[in-house]
file data-v5.txt (compact mmCIF, C-alpha atoms)
# COMPACT_ATOMS: atom_id res chain seq x y z
CA MET A 300 14.13 8.35 26.21
CA ASP A 301 12.03 5.65 24.54
CA LEU A 302 8.80 7.32 25.66
CA PHE A 303 9.50 10.68 24.01
CA THR A 304 8.49 9.47 20.58
CA GLY A 305 5.00 11.06 20.32
CA PHE A 306 3.89 13.74 17.83
CA LEU A 307 4.88 16.62 20.12
CA PHE A 308 8.57 15.68 20.21
CA LYS A 309 9.16 15.04 16.49
CA GLY A 310 12.29 16.86 15.32
CA LEU A 311 13.75 17.56 18.78
CA ASP A 312 17.40 16.61 19.35
CA GLN A 313 18.71 14.45 22.20
CA ASP A 314 19.65 17.46 24.35
CA GLN A 315 16.16 18.95 24.04
CA LEU A 316 14.53 15.59 24.80
CA ALA A 317 16.77 15.19 27.87
CA LYS A 318 15.61 18.61 29.16
CA ILE A 319 11.98 17.53 28.82
CA ALA A 320 12.64 14.13 30.38
CA ALA A 321 14.19 15.95 33.36
CA ILE A 322 10.92 17.77 34.11
CA SER A 323 8.72 14.66 33.69
CA ILE A 324 7.39 12.90 36.78
CA GLU A 325 6.23 9.27 36.77
CA ILE A 326 2.78 8.75 38.31
CA SER A 327 0.54 5.70 38.56
CA MET A 328 -3.11 5.49 37.51
CA GLN A 329 -5.83 3.04 38.50
CA ASN A 330 -8.53 1.50 36.31
CA GLY A 331 -11.54 3.86 36.26
CA GLN A 332 -9.61 6.87 37.57
CA LYS A 333 -10.58 10.22 36.02
CA LEU A 334 -7.43 12.04 34.92
CA PHE A 335 -9.08 15.28 33.82
CA ALA A 336 -12.49 16.51 32.72
CA GLU A 337 -13.60 18.40 29.61
CA GLY A 338 -13.72 22.15 30.28
CA GLU A 339 -11.24 22.05 33.19
CA GLU A 340 -8.25 24.39 33.21
CA ALA A 341 -5.42 22.54 31.43
CA LYS A 342 -2.09 22.65 33.25
CA GLN A 343 -0.67 19.16 32.74
CA LEU A 344 0.54 17.21 29.75
CA TYR A 345 0.68 13.40 29.89
CA ILE A 346 2.66 10.65 28.19
CA LEU A 347 1.40 7.08 28.44
CA LYS A 348 3.98 4.61 29.77
CA LYS A 349 1.85 1.55 30.59
CA GLY A 350 -1.88 0.79 30.63
CA ALA A 351 -4.65 2.45 28.63
CA VAL A 352 -6.46 5.81 28.64
CA GLU A 353 -9.75 6.67 26.97
CA LEU A 354 -10.52 10.17 25.70
CA MET A 355 -14.21 11.12 25.63
CA THR A 356 -16.52 14.07 25.10
CA GLY A 357 -19.87 14.71 26.78
CA ALA A 358 -22.75 14.58 24.29
CA GLU A 359 -25.82 15.06 26.47
CA HIS A 360 -26.71 14.51 30.12
CA ASN A 361 -24.48 11.69 31.33
CA LEU A 362 -23.63 10.28 27.92
CA GLN A 363 -19.92 10.29 27.04
CA LEU A 364 -18.93 9.75 23.40
CA PRO A 365 -15.60 7.89 22.98
CA ILE A 366 -13.08 9.81 20.87
CA SER A 367 -9.99 7.60 21.12
CA MET A 368 -8.32 4.88 23.18
CA LEU A 369 -4.61 5.33 23.87
CA ARG A 370 -2.66 2.11 24.41
CA ASP A 371 0.77 2.73 22.91
CA PRO A 372 3.66 3.72 25.18
CA GLY A 373 4.62 7.26 24.17
CA ASP A 374 1.05 8.34 23.34
CA ILE A 375 0.52 11.97 24.37
CA PHE A 376 -2.62 13.60 25.74
CA GLY A 377 -3.51 16.87 27.41
CA SER A 378 -1.65 18.97 24.83
CA HIS A 379 -4.34 21.67 25.14
CA ALA A 380 -2.34 22.73 28.21
CA LEU A 381 0.12 24.38 25.80
CA ILE A 382 -2.34 26.53 23.80
CA PRO A 383 -4.85 29.22 24.83
CA PRO A 384 -7.53 29.02 26.21
CA TYR A 385 -5.59 26.33 28.20
CA GLN A 386 -8.65 24.20 28.70
CA TYR A 387 -9.11 20.44 28.20
CA SER A 388 -11.53 19.86 25.32
CA LEU A 389 -11.96 16.16 26.19
CA SER A 390 -12.15 14.06 29.34
CA ALA A 391 -9.52 11.41 30.04
CA ARG A 392 -10.12 8.25 32.08
CA CYS A 393 -7.80 5.35 32.90
CA GLU A 394 -9.16 2.19 31.26
CA GLU A 395 -6.34 -0.11 32.35
CA THR A 396 -4.16 0.37 35.44
CA GLY A 397 -0.72 1.64 34.50
CA THR A 398 1.83 4.45 34.56
CA LEU A 399 2.02 7.95 33.09
CA LEU A 400 4.68 10.59 32.72
CA ASN A 401 3.34 13.92 33.88
CA ILE A 402 4.70 17.27 32.69
CA GLU A 403 3.78 20.53 34.42
CA CYS A 404 3.20 22.90 31.50
CA SER A 405 4.31 26.03 33.34
CA THR A 406 7.73 24.35 33.65
CA LEU A 407 7.73 23.29 29.98
CA LYS A 408 6.86 26.88 28.99
CA LYS A 409 9.93 28.09 30.91
CA LEU A 410 12.08 25.60 28.94
CA MET A 411 10.55 26.90 25.69
CA ALA A 412 11.13 30.55 26.63
CA ALA A 413 14.81 29.74 27.17
CA ASP A 414 15.15 27.71 23.94
CA ARG A 415 13.30 29.30 21.00
CA ASP A 416 14.23 26.40 18.76
CA LEU A 417 12.49 23.98 21.12
CA GLU A 418 9.41 26.24 21.21
CA CYS A 419 9.25 26.54 17.41
CA ILE A 420 9.41 22.78 16.90
CA ILE A 421 6.80 22.05 19.58
CA MET A 422 4.42 24.71 18.24
CA ARG A 423 4.82 23.39 14.66
CA ASN A 424 4.11 19.84 15.89
CA LEU A 425 1.04 21.06 17.79
CA ALA A 426 -0.30 22.94 14.74
CA GLN A 427 0.14 19.82 12.61
CA HIS A 428 -1.53 17.64 15.26
CA PHE A 429 -4.60 19.87 15.60
CA LEU A 430 -4.84 20.15 11.82
CA GLU A 431 -4.87 16.33 11.51
CA ARG A 432 -7.59 16.04 14.18
CA LEU A 433 -9.56 18.80 12.38
CA THR A 434 -9.34 16.98 9.04
CA GLU A 435 -10.52 13.72 10.67
CA THR A 436 -13.40 15.46 12.48
CA ARG A 437 -14.57 17.22 9.29
CA GLN A 438 -14.48 13.83 7.56
CA GLU A 439 -16.76 12.41 10.28
CA LEU A 440 -19.14 15.34 9.86
CA LYS A 441 -19.35 14.61 6.13
CA THR A 442 -20.11 10.96 6.86
CA HIS A 443 -22.98 12.04 9.17
CA PHE A 444 -24.21 14.40 6.47
CA ARG A 445 -24.21 11.60 3.86
CA VAL A 446 -26.16 9.30 6.20
CA LEU A 447 -28.66 12.09 6.82
CA LEU A 448 -29.08 12.73 3.07
CA LYS A 449 -29.57 9.00 2.45
CA SER A 450 -32.22 8.70 5.18
CA MET A 451 -34.08 11.74 3.76
CA ARG A 452 -34.13 10.15 0.31
CA SER A 453 -35.32 6.74 1.45
CA MET B 275 -0.37 47.51 7.48
CA ASP B 276 -4.10 47.62 8.25
CA LEU B 277 -4.65 44.29 6.53
CA PHE B 278 -2.19 42.34 8.67
CA THR B 279 -4.59 42.01 11.57
CA GLY B 280 -5.72 38.37 11.11
CA PHE B 281 -5.12 35.48 13.52
CA LEU B 282 -1.81 34.51 11.90
CA PHE B 283 -0.11 37.84 12.64
CA LYS B 284 -1.17 38.27 16.29
CA GLY B 285 1.85 39.20 18.43
CA LEU B 286 4.18 40.18 15.56
CA ASP B 287 5.95 43.54 15.84
CA GLN B 288 5.95 46.29 13.18
CA ASP B 289 9.30 45.17 11.69
CA GLN B 290 8.07 41.60 11.30
CA LEU B 291 4.78 42.76 9.76
CA ALA B 292 6.71 45.01 7.34
CA LYS B 293 8.79 42.01 6.19
CA ILE B 294 5.61 40.04 5.48
CA ALA B 295 3.95 43.02 3.76
CA ALA B 296 7.03 43.25 1.52
CA ILE B 297 6.46 39.72 0.15
CA SER B 298 2.69 40.19 -0.36
CA ILE B 299 1.35 40.76 -3.87
CA GLU B 300 -2.01 42.35 -4.58
CA ILE B 301 -4.20 40.36 -7.00
CA SER B 302 -7.77 40.84 -8.16
CA MET B 303 -10.52 38.20 -8.10
CA GLN B 304 -13.78 37.98 -10.03
CA ASN B 305 -17.17 36.80 -8.78
CA GLY B 306 -17.39 33.02 -9.25
CA GLN B 307 -13.64 32.54 -9.66
CA LYS B 308 -12.21 29.39 -8.05
CA LEU B 309 -9.16 30.33 -5.98
CA PHE B 310 -8.14 26.81 -4.98
CA ALA B 311 -9.70 23.37 -4.65
CA GLU B 312 -9.83 20.93 -1.73
CA GLY B 313 -7.01 18.38 -1.98
CA GLU B 314 -4.75 20.57 -4.15
CA GLU B 315 -1.14 21.19 -3.15
CA ALA B 316 -1.16 24.30 -0.91
CA LYS B 317 1.51 26.86 -1.81
CA GLN B 318 -0.26 30.19 -1.35
CA LEU B 319 -1.66 32.05 1.62
CA TYR B 320 -4.31 34.75 1.08
CA ILE B 321 -5.49 37.85 2.91
CA LEU B 322 -8.83 39.38 1.95
CA LYS B 323 -8.63 43.08 1.04
CA LYS B 324 -12.00 43.67 -0.63
CA GLY B 325 -14.93 41.49 -1.72
CA ALA B 326 -15.99 38.11 -0.32
CA VAL B 327 -14.69 34.52 -0.41
CA GLU B 328 -16.58 31.36 0.44
CA LEU B 329 -14.84 28.28 1.87
CA MET B 330 -16.51 24.94 1.09
CA THR B 331 -15.98 21.21 1.35
CA GLY B 332 -17.21 18.53 -1.05
CA ALA B 333 -19.78 16.25 0.59
CA GLU B 334 -20.80 13.92 -2.25
CA HIS B 335 -20.84 14.08 -6.04
CA ASN B 336 -21.17 17.74 -6.96
CA LEU B 337 -22.54 18.92 -3.63
CA GLN B 338 -20.39 21.50 -1.82
CA LEU B 339 -21.09 22.19 1.86
CA PRO B 340 -20.45 25.82 2.91
CA ILE B 341 -17.99 26.13 5.81
CA SER B 342 -17.56 29.88 6.11
CA MET B 343 -17.94 33.18 4.25
CA LEU B 344 -15.08 35.65 4.58
CA ARG B 345 -16.05 39.32 4.19
CA ASP B 346 -13.81 41.23 6.59
CA PRO B 347 -10.67 42.91 5.26
CA GLY B 348 -7.74 41.10 6.88
CA ASP B 349 -9.44 37.68 6.89
CA ILE B 350 -6.88 34.96 6.18
CA PHE B 351 -7.34 31.72 4.25
CA GLY B 352 -5.09 29.06 2.78
CA SER B 353 -3.04 28.71 5.98
CA HIS B 354 -2.71 24.95 5.30
CA ALA B 355 0.11 26.04 2.99
CA LEU B 356 2.27 26.44 6.13
CA ILE B 357 1.75 22.97 7.65
CA PRO B 358 2.38 19.44 6.32
CA PRO B 359 0.90 17.78 4.29
CA TYR B 360 0.69 21.24 2.57
CA GLN B 361 -2.70 20.50 1.07
CA TYR B 362 -5.85 22.66 1.00
CA SER B 363 -8.55 20.97 3.08
CA LEU B 364 -11.30 23.25 1.71
CA SER B 365 -12.13 24.89 -1.61
CA ALA B 366 -12.20 28.68 -1.91
CA ARG B 367 -14.35 30.62 -4.37
CA CYS B 368 -14.78 34.35 -4.88
CA GLU B 369 -18.37 35.31 -4.04
CA GLU B 370 -17.97 39.05 -4.62
CA THR B 371 -15.45 40.65 -6.97
CA GLY B 372 -12.58 42.20 -5.03
CA THR B 373 -8.90 42.16 -4.13
CA LEU B 374 -6.59 39.78 -2.28
CA LEU B 375 -3.08 39.88 -0.93
CA ASN B 376 -1.22 36.78 -2.00
CA ILE B 377 1.78 35.37 -0.13
CA GLU B 378 4.00 32.69 -1.66
CA CYS B 379 4.61 30.33 1.28
CA SER B 380 8.06 29.23 0.13
CA THR B 381 9.10 32.90 0.53
CA LEU B 382 7.39 33.20 3.92
CA LYS B 383 9.19 30.03 5.05
CA LYS B 384 12.51 31.66 4.15
CA LEU B 385 11.56 34.68 6.30
CA MET B 386 10.71 32.32 9.17
CA ALA B 387 13.97 30.38 8.83
CA ALA B 388 15.86 33.67 9.16
CA ASP B 389 13.77 34.91 12.12
CA ARG B 390 13.01 32.17 14.67
CA ASP B 391 10.90 34.55 16.71
CA LEU B 392 8.64 35.18 13.72
CA GLU B 393 8.36 31.44 13.12
CA CYS B 394 7.50 30.69 16.75
CA ILE B 395 4.73 33.28 16.85
CA ILE B 396 3.23 32.18 13.53
CA MET B 397 3.31 28.49 14.52
CA ARG B 398 1.70 29.26 17.90
CA ASN B 399 -1.03 31.28 16.14
CA LEU B 400 -1.62 28.45 13.67
CA ALA B 401 -1.87 25.86 16.46
CA GLN B 402 -4.41 28.03 18.27
CA HIS B 403 -6.39 28.59 15.05
CA PHE B 404 -6.62 24.90 14.19
CA LEU B 405 -7.54 24.09 17.80
CA GLU B 406 -10.41 26.63 17.65
CA ARG B 407 -11.66 25.14 14.35
CA LEU B 408 -11.37 21.64 15.89
CA THR B 409 -13.42 22.66 18.94
CA GLU B 410 -16.13 24.17 16.70
CA THR B 411 -16.23 21.12 14.44
CA ARG B 412 -16.49 18.72 17.40
CA GLN B 413 -19.35 20.87 18.69
CA GLU B 414 -21.15 20.48 15.34
CA LEU B 415 -20.63 16.71 15.47
CA LYS B 416 -22.25 16.62 18.91
CA THR B 417 -25.21 18.62 17.59
CA HIS B 418 -25.65 16.07 14.77
CA PHE B 419 -25.41 13.28 17.31
CA ARG B 420 -28.12 14.86 19.50
CA VAL B 421 -30.43 15.29 16.49
CA LEU B 422 -29.84 11.65 15.56
CA LEU B 423 -30.60 10.47 19.13
CA LYS B 424 -33.77 12.56 19.18
CA SER B 425 -34.97 11.15 15.84
CA MET B 426 -34.30 7.58 17.07
CA ARG B 427 -36.37 8.22 20.18
CA SER B 428 -39.33 9.78 18.41

call {"tool": "encode", "arguments": {"input": "data-v5.txt", "output": "structure tokens"}}
result
Amino acid sequence: MDLFTGFLFKGLDQDQLAKIAAISIEISMQNGQKLFAEGEEAKQLYILKKGAVELMTGAEHNLQLPISMLRDPGDIFGSHALIPPYQYSLSARCEETGTLLNIECSTLKKLMAADRDLECIIMRNLAQHFLERLTETRQELKTHFRVLLKSMRS
Amino acid sequence: MDLFTGFLFKGLDQDQLAKIAAISIEISMQNGQKLFAEGEEAKQLYILKKGAVELMTGAEHNLQLPISMLRDPGDIFGSHALIPPYQYSLSARCEETGTLLNIECSTLKKLMAADRDLECIIMRNLAQHFLERLTETRQELKTHFRVLLKSMRS
């Protein structure tokens, strides 16, 4: 159960975690392997067990901007698979050969439909997670704006 | 019930909407009035009934960057009051004298604790809302990045 420590699982009890562990499948990933691409239909959620995964977004032509590097066991990605429009907003690529836990979201949704408490907690965790990312991203936008202002003045 | 049409209330039934309407208080706002400031503890949720409200973020010194202008009856703002760290991430100012519905979030949280279904739906709506804002904000960042690249090349 050591891997179910990420933001999505905060506040779940041991029984609820055991139900999620039971629907998780261990898969391996190879250095350089593309796990999913921005814009693709999102059906799978991933938990990092070993190795590293980079999340990126396409800026123009073939240029990919790095968003974050996941290295800690328990790190979660692909959570867009739980929220409409069920589409990955970033691309994920293996940066160091390792292991993932893979959760089919249609199965997780069935668990949530049968356990409203589980659904509530997961949705609250998701809302908080997206809000944190939003706050960070707005902060970055402000930094860009300040740089732009500075360059206009100089 | 015509005002309870915003993103937060999507999927709620008439009974649930009636419970929320029962804890809403109508207040007036005057042109230029500050409703809340970025960084303040968030305790209140607002629904626009009449008039207009601008949401802004502080960029540097006294400069406020406009984020959005709310003009449609039913528009919701202040939803950060429902998610930790319970802090407004934007400032809100009345731009056209009008009327708001005000909801004390501690009271709404009591409603949600008593009705798990209501909580689940509201949390799912919040997660989707923050995800949409995040996608938009990342898009803006990419636009800035492209402009920067272009200016470096020219």

call {"tool": "interface_residues", "arguments": {"input": "data-v5.txt", "of": "chain B", "to": "chain A", "cutoff": "7 Å", "atoms": "all atoms listed in the file", "output": "PyMOL selection string"}}
result
chain B and resi 333+357-358+390+393-394+397-398+400-402+404-405+407-408+411-412+415-416

call {"tool": "closest_residue", "arguments": {"input": "data-v5.txt", "among": "A:Cys393, A:Ala341, A:Val352, A:Leu302", "to": "Ala317 (chain A)", "atoms": "all atoms listed in the file"}}
result
A:Leu302

call {"tool": "atom_distance", "arguments": {"input": "data-v5.txt", "atom1": "CA of Ala355 (chain B)", "atom2": "CA of Ala295 (chain B)"}}
result
17.4 Å

call {"tool": "axis_aligned_box", "arguments": {"input": "data-v5.txt", "around": "region 322-332 of chain B", "padding_each_side": "5 Å", "output": "lines of an AutoDock Vina configuration file"}}
result
center_x = -12.9
center_y = 31.1
center_z = 0.1
size_x = 18.6
size_y = 35.1
size_z = 13.7

call {"tool": "residues_around", "arguments": {"input": "data-v5.txt", "residues": "Thr373 (chain B)", "least_positions_apart": "5", "cutoff": "10 Å", "atoms": "only C-alpha atoms", "output": "PyMOL selection string"}}
result
chain B and resi 300-304+321-326+347+368

call {"tool": "closest_residue", "arguments": {"input": "data-v5.txt", "among": "B:Tyr320, B:Phe281, B:Phe351, B:Tyr362", "to": "Glu378 (chain B)", "atoms": "all atoms listed in the file"}}
result
B:Tyr320

call {"tool": "closest_residue", "arguments": {"input": "data-v5.txt", "among": "A:Thr304, A:Gln332, A:Ser323, A:Gln313", "to": "Glu395 (chain A)", "atoms": "all atoms listed in the file"}}
result
A:Gln332

call {"tool": "decode", "arguments": {"input": "data-v5.txt", "residues": "region 292-305 of chain B", "atoms": "all heavy atoms", "output": "PDB file, in the first residue's frame"}}
result
ATOM      1  N   ALA B 292     -32.958  23.820  -3.961  1.00  0.00           N
ATOM      2  CA  ALA B 292     -33.804  24.556  -3.009  1.00  0.00           C
ATOM      3  C   ALA B 292     -33.084  24.726  -1.675  1.00  0.00           C
ATOM      4  O   ALA B 292     -33.161  25.778  -1.033  1.00  0.00           O
ATOM      5  CB  ALA B 292     -35.131  23.832  -2.824  1.00  0.00           C
ATOM      6  N   LYS B 293     -32.339  23.680  -1.257  1.00  0.00           N
ATOM      7  CA  LYS B 293     -31.578  23.764   0.006  1.00  0.00           C
ATOM      8  C   LYS B 293     -30.522  24.863  -0.083  1.00  0.00           C
ATOM      9  O   LYS B 293     -30.283  25.592   0.871  1.00  0.00           O
ATOM     10  CB  LYS B 293     -30.865  22.422   0.282  1.00  0.00           C
ATOM     11  CG  LYS B 293     -31.755  21.318   0.816  1.00  0.00           C
ATOM     12  CD  LYS B 293     -30.857  20.159   1.271  1.00  0.00           C
ATOM     13  CE  LYS B 293     -31.430  18.814   0.912  1.00  0.00           C
ATOM     14  NZ  LYS B 293     -30.488  17.714   1.088  1.00  0.00           N
ATOM     15  N   ILE B 294     -29.869  24.949  -1.250  1.00  0.00           N
ATOM     16  CA  ILE B 294     -28.819  25.967  -1.420  1.00  0.00           C
ATOM     17  C   ILE B 294     -29.450  27.359  -1.518  1.00  0.00           C
ATOM     18  O   ILE B 294     -28.957  28.315  -0.912  1.00  0.00           O
ATOM     19  CB  ILE B 294     -27.935  25.651  -2.644  1.00  0.00           C
ATOM     20  CG1 ILE B 294     -27.197  24.325  -2.392  1.00  0.00           C
ATOM     21  CG2 ILE B 294     -26.920  26.767  -2.886  1.00  0.00           C
ATOM     22  CD1 ILE B 294     -26.400  23.827  -3.562  1.00  0.00           C
ATOM     23  N   ALA B 295     -30.578  27.445  -2.221  1.00  0.00           N
ATOM     24  CA  ALA B 295     -31.273  28.743  -2.327  1.00  0.00           C
ATOM     25  C   ALA B 295     -31.667  29.238  -0.930  1.00  0.00           C
ATOM     26  O   ALA B 295     -31.588  30.435  -0.640  1.00  0.00           O
ATOM     27  CB  ALA B 295     -32.501  28.604  -3.223  1.00  0.00           C
ATOM     28  N   ALA B 296     -32.017  28.294  -0.055  1.00  0.00           N
ATOM     29  CA  ALA B 296     -32.473  28.666   1.293  1.00  0.00           C
ATOM     30  C   ALA B 296     -31.360  29.276   2.148  1.00  0.00           C
ATOM     31  O   ALA B 296     -31.633  29.986   3.117  1.00  0.00           O
ATOM     32  CB  ALA B 296     -33.073  27.448   1.986  1.00  0.00           C
ATOM     33  N   ILE B 297     -30.099  28.999   1.812  1.00  0.00           N
ATOM     34  CA  ILE B 297     -28.992  29.569   2.609  1.00  0.00           C
ATOM     35  C   ILE B 297     -28.338  30.759   1.885  1.00  0.00           C
ATOM     36  O   ILE B 297     -27.304  31.259   2.320  1.00  0.00           O
ATOM     37  CB  ILE B 297     -27.925  28.509   2.982  1.00  0.00           C
ATOM     38  CG1 ILE B 297     -27.275  27.909   1.722  1.00  0.00           C
ATOM     39  CG2 ILE B 297     -28.523  27.404   3.845  1.00  0.00           C
ATOM     40  CD1 ILE B 297     -25.975  27.167   1.993  1.00  0.00           C
ATOM     41  N   SER B 298     -28.935  31.191   0.762  1.00  0.00           N
ATOM     42  CA  SER B 298     -28.383  32.320   0.001  1.00  0.00           C
ATOM     43  C   SER B 298     -29.022  33.634   0.462  1.00  0.00           C
ATOM     44  O   SER B 298     -30.236  33.681   0.672  1.00  0.00           O
ATOM     45  CB  SER B 298     -28.661  32.139  -1.493  1.00  0.00           C
ATOM     46  OG  SER B 298     -28.169  30.904  -1.925  1.00  0.00           O
ATOM     47  N   ILE B 299     -28.200  34.648   0.593  1.00  0.00           N
ATOM     48  CA  ILE B 299     -28.705  35.955   1.045  1.00  0.00           C
ATOM     49  C   ILE B 299     -28.450  36.984  -0.048  1.00  0.00           C
ATOM     50  O   ILE B 299     -27.328  37.064  -0.573  1.00  0.00           O
ATOM     51  CB  ILE B 299     -27.983  36.377   2.346  1.00  0.00           C
ATOM     52  CG1 ILE B 299     -28.330  35.402   3.467  1.00  0.00           C
ATOM     53  CG2 ILE B 299     -28.361  37.805   2.742  1.00  0.00           C
ATOM     54  CD1 ILE B 299     -27.417  35.529   4.659  1.00  0.00           C
ATOM     55  N   GLU B 300     -29.468  37.776  -0.369  1.00  0.00           N
ATOM     56  CA  GLU B 300     -29.296  38.784  -1.409  1.00  0.00           C
ATOM     57  C   GLU B 300     -28.615  40.020  -0.817  1.00  0.00           C
ATOM     58  O   GLU B 300     -29.004  40.508   0.238  1.00  0.00           O
ATOM     59  CB  GLU B 300     -30.672  39.145  -1.985  1.00  0.00           C
ATOM     60  CG  GLU B 300     -30.571  39.806  -3.329  1.00  0.00           C
ATOM     61  CD  GLU B 300     -31.917  39.894  -4.051  1.00  0.00           C
ATOM     62  OE1 GLU B 300     -32.574  38.852  -4.232  1.00  0.00           O
ATOM     63  OE2 GLU B 300     -32.302  41.018  -4.409  1.00  0.00           O
ATOM     64  N   ILE B 301     -27.561  40.491  -1.484  1.00  0.00           N
ATOM     65  CA  ILE B 301     -26.881  41.711  -1.033  1.00  0.00           C
ATOM     66  C   ILE B 301     -26.694  42.633  -2.242  1.00  0.00           C
ATOM     67  O   ILE B 301     -26.637  42.171  -3.386  1.00  0.00           O
ATOM     68  CB  ILE B 301     -25.498  41.413  -0.382  1.00  0.00           C
ATOM     69  CG1 ILE B 301     -24.579  40.661  -1.351  1.00  0.00           C
ATOM     70  CG2 ILE B 301     -25.642  40.630   0.909  1.00  0.00           C
ATOM     71  CD1 ILE B 301     -23.141  40.514  -0.857  1.00  0.00           C
ATOM     72  N   SER B 302     -26.585  43.926  -1.974  1.00  0.00           N
ATOM     73  CA  SER B 302     -26.362  44.853  -3.090  1.00  0.00           C
ATOM     74  C   SER B 302     -24.882  45.214  -3.159  1.00  0.00           C
ATOM     75  O   SER B 302     -24.139  45.082  -2.176  1.00  0.00           O
ATOM     76  CB  SER B 302     -27.225  46.099  -2.923  1.00  0.00           C
ATOM     77  OG  SER B 302     -26.858  46.744  -1.725  1.00  0.00           O
ATOM     78  N   MET B 303     -24.451  45.640  -4.335  1.00  0.00           N
ATOM     79  CA  MET B 303     -23.049  46.086  -4.504  1.00  0.00           C
ATOM     80  C   MET B 303     -23.057  47.381  -5.313  1.00  0.00           C
ATOM     81  O   MET B 303     -23.926  47.601  -6.156  1.00  0.00           O
ATOM     82  CB  MET B 303     -22.202  45.000  -5.177  1.00  0.00           C
ATOM     83  CG  MET B 303     -22.703  44.587  -6.549  1.00  0.00           C
ATOM     84  SD  MET B 303     -21.567  43.456  -7.405  1.00  0.00           S
ATOM     85  CE  MET B 303     -22.479  43.214  -8.947  1.00  0.00           C
ATOM     86  N   GLN B 304     -22.079  48.235  -5.010  1.00  0.00           N
ATOM     87  CA  GLN B 304     -21.988  49.540  -5.664  1.00  0.00           C
ATOM     88  C   GLN B 304     -20.779  49.575  -6.585  1.00  0.00           C
ATOM     89  O   GLN B 304     -19.732  49.001  -6.255  1.00  0.00           O
ATOM     90  CB  GLN B 304     -21.828  50.656  -4.611  1.00  0.00           C
ATOM     91  CG  GLN B 304     -22.899  50.668  -3.537  1.00  0.00           C
ATOM     92  CD  GLN B 304     -24.300  50.790  -4.101  1.00  0.00           C
ATOM     93  OE1 GLN B 304     -24.523  51.567  -5.034  1.00  0.00           O
ATOM     94  NE2 GLN B 304     -25.234  50.010  -3.574  1.00  0.00           N
ATOM     95  N   ASN B 305     -20.931  50.278  -7.698  1.00  0.00           N
ATOM     96  CA  ASN B 305     -19.831  50.445  -8.662  1.00  0.00           C
ATOM     97  C   ASN B 305     -18.535  50.847  -7.946  1.00  0.00           C
ATOM     98  O   ASN B 305     -18.524  51.781  -7.155  1.00  0.00           O
ATOM     99  CB  ASN B 305     -20.241  51.527  -9.677  1.00  0.00           C
ATOM    100  CG  ASN B 305     -19.309  51.525 -10.875  1.00  0.00           C
ATOM    101  OD1 ASN B 305     -18.374  50.722 -10.947  1.00  0.00           O
ATOM    102  ND2 ASN B 305     -19.543  52.417 -11.823  1.00  0.00           N
TER     103      ASN B 305
END
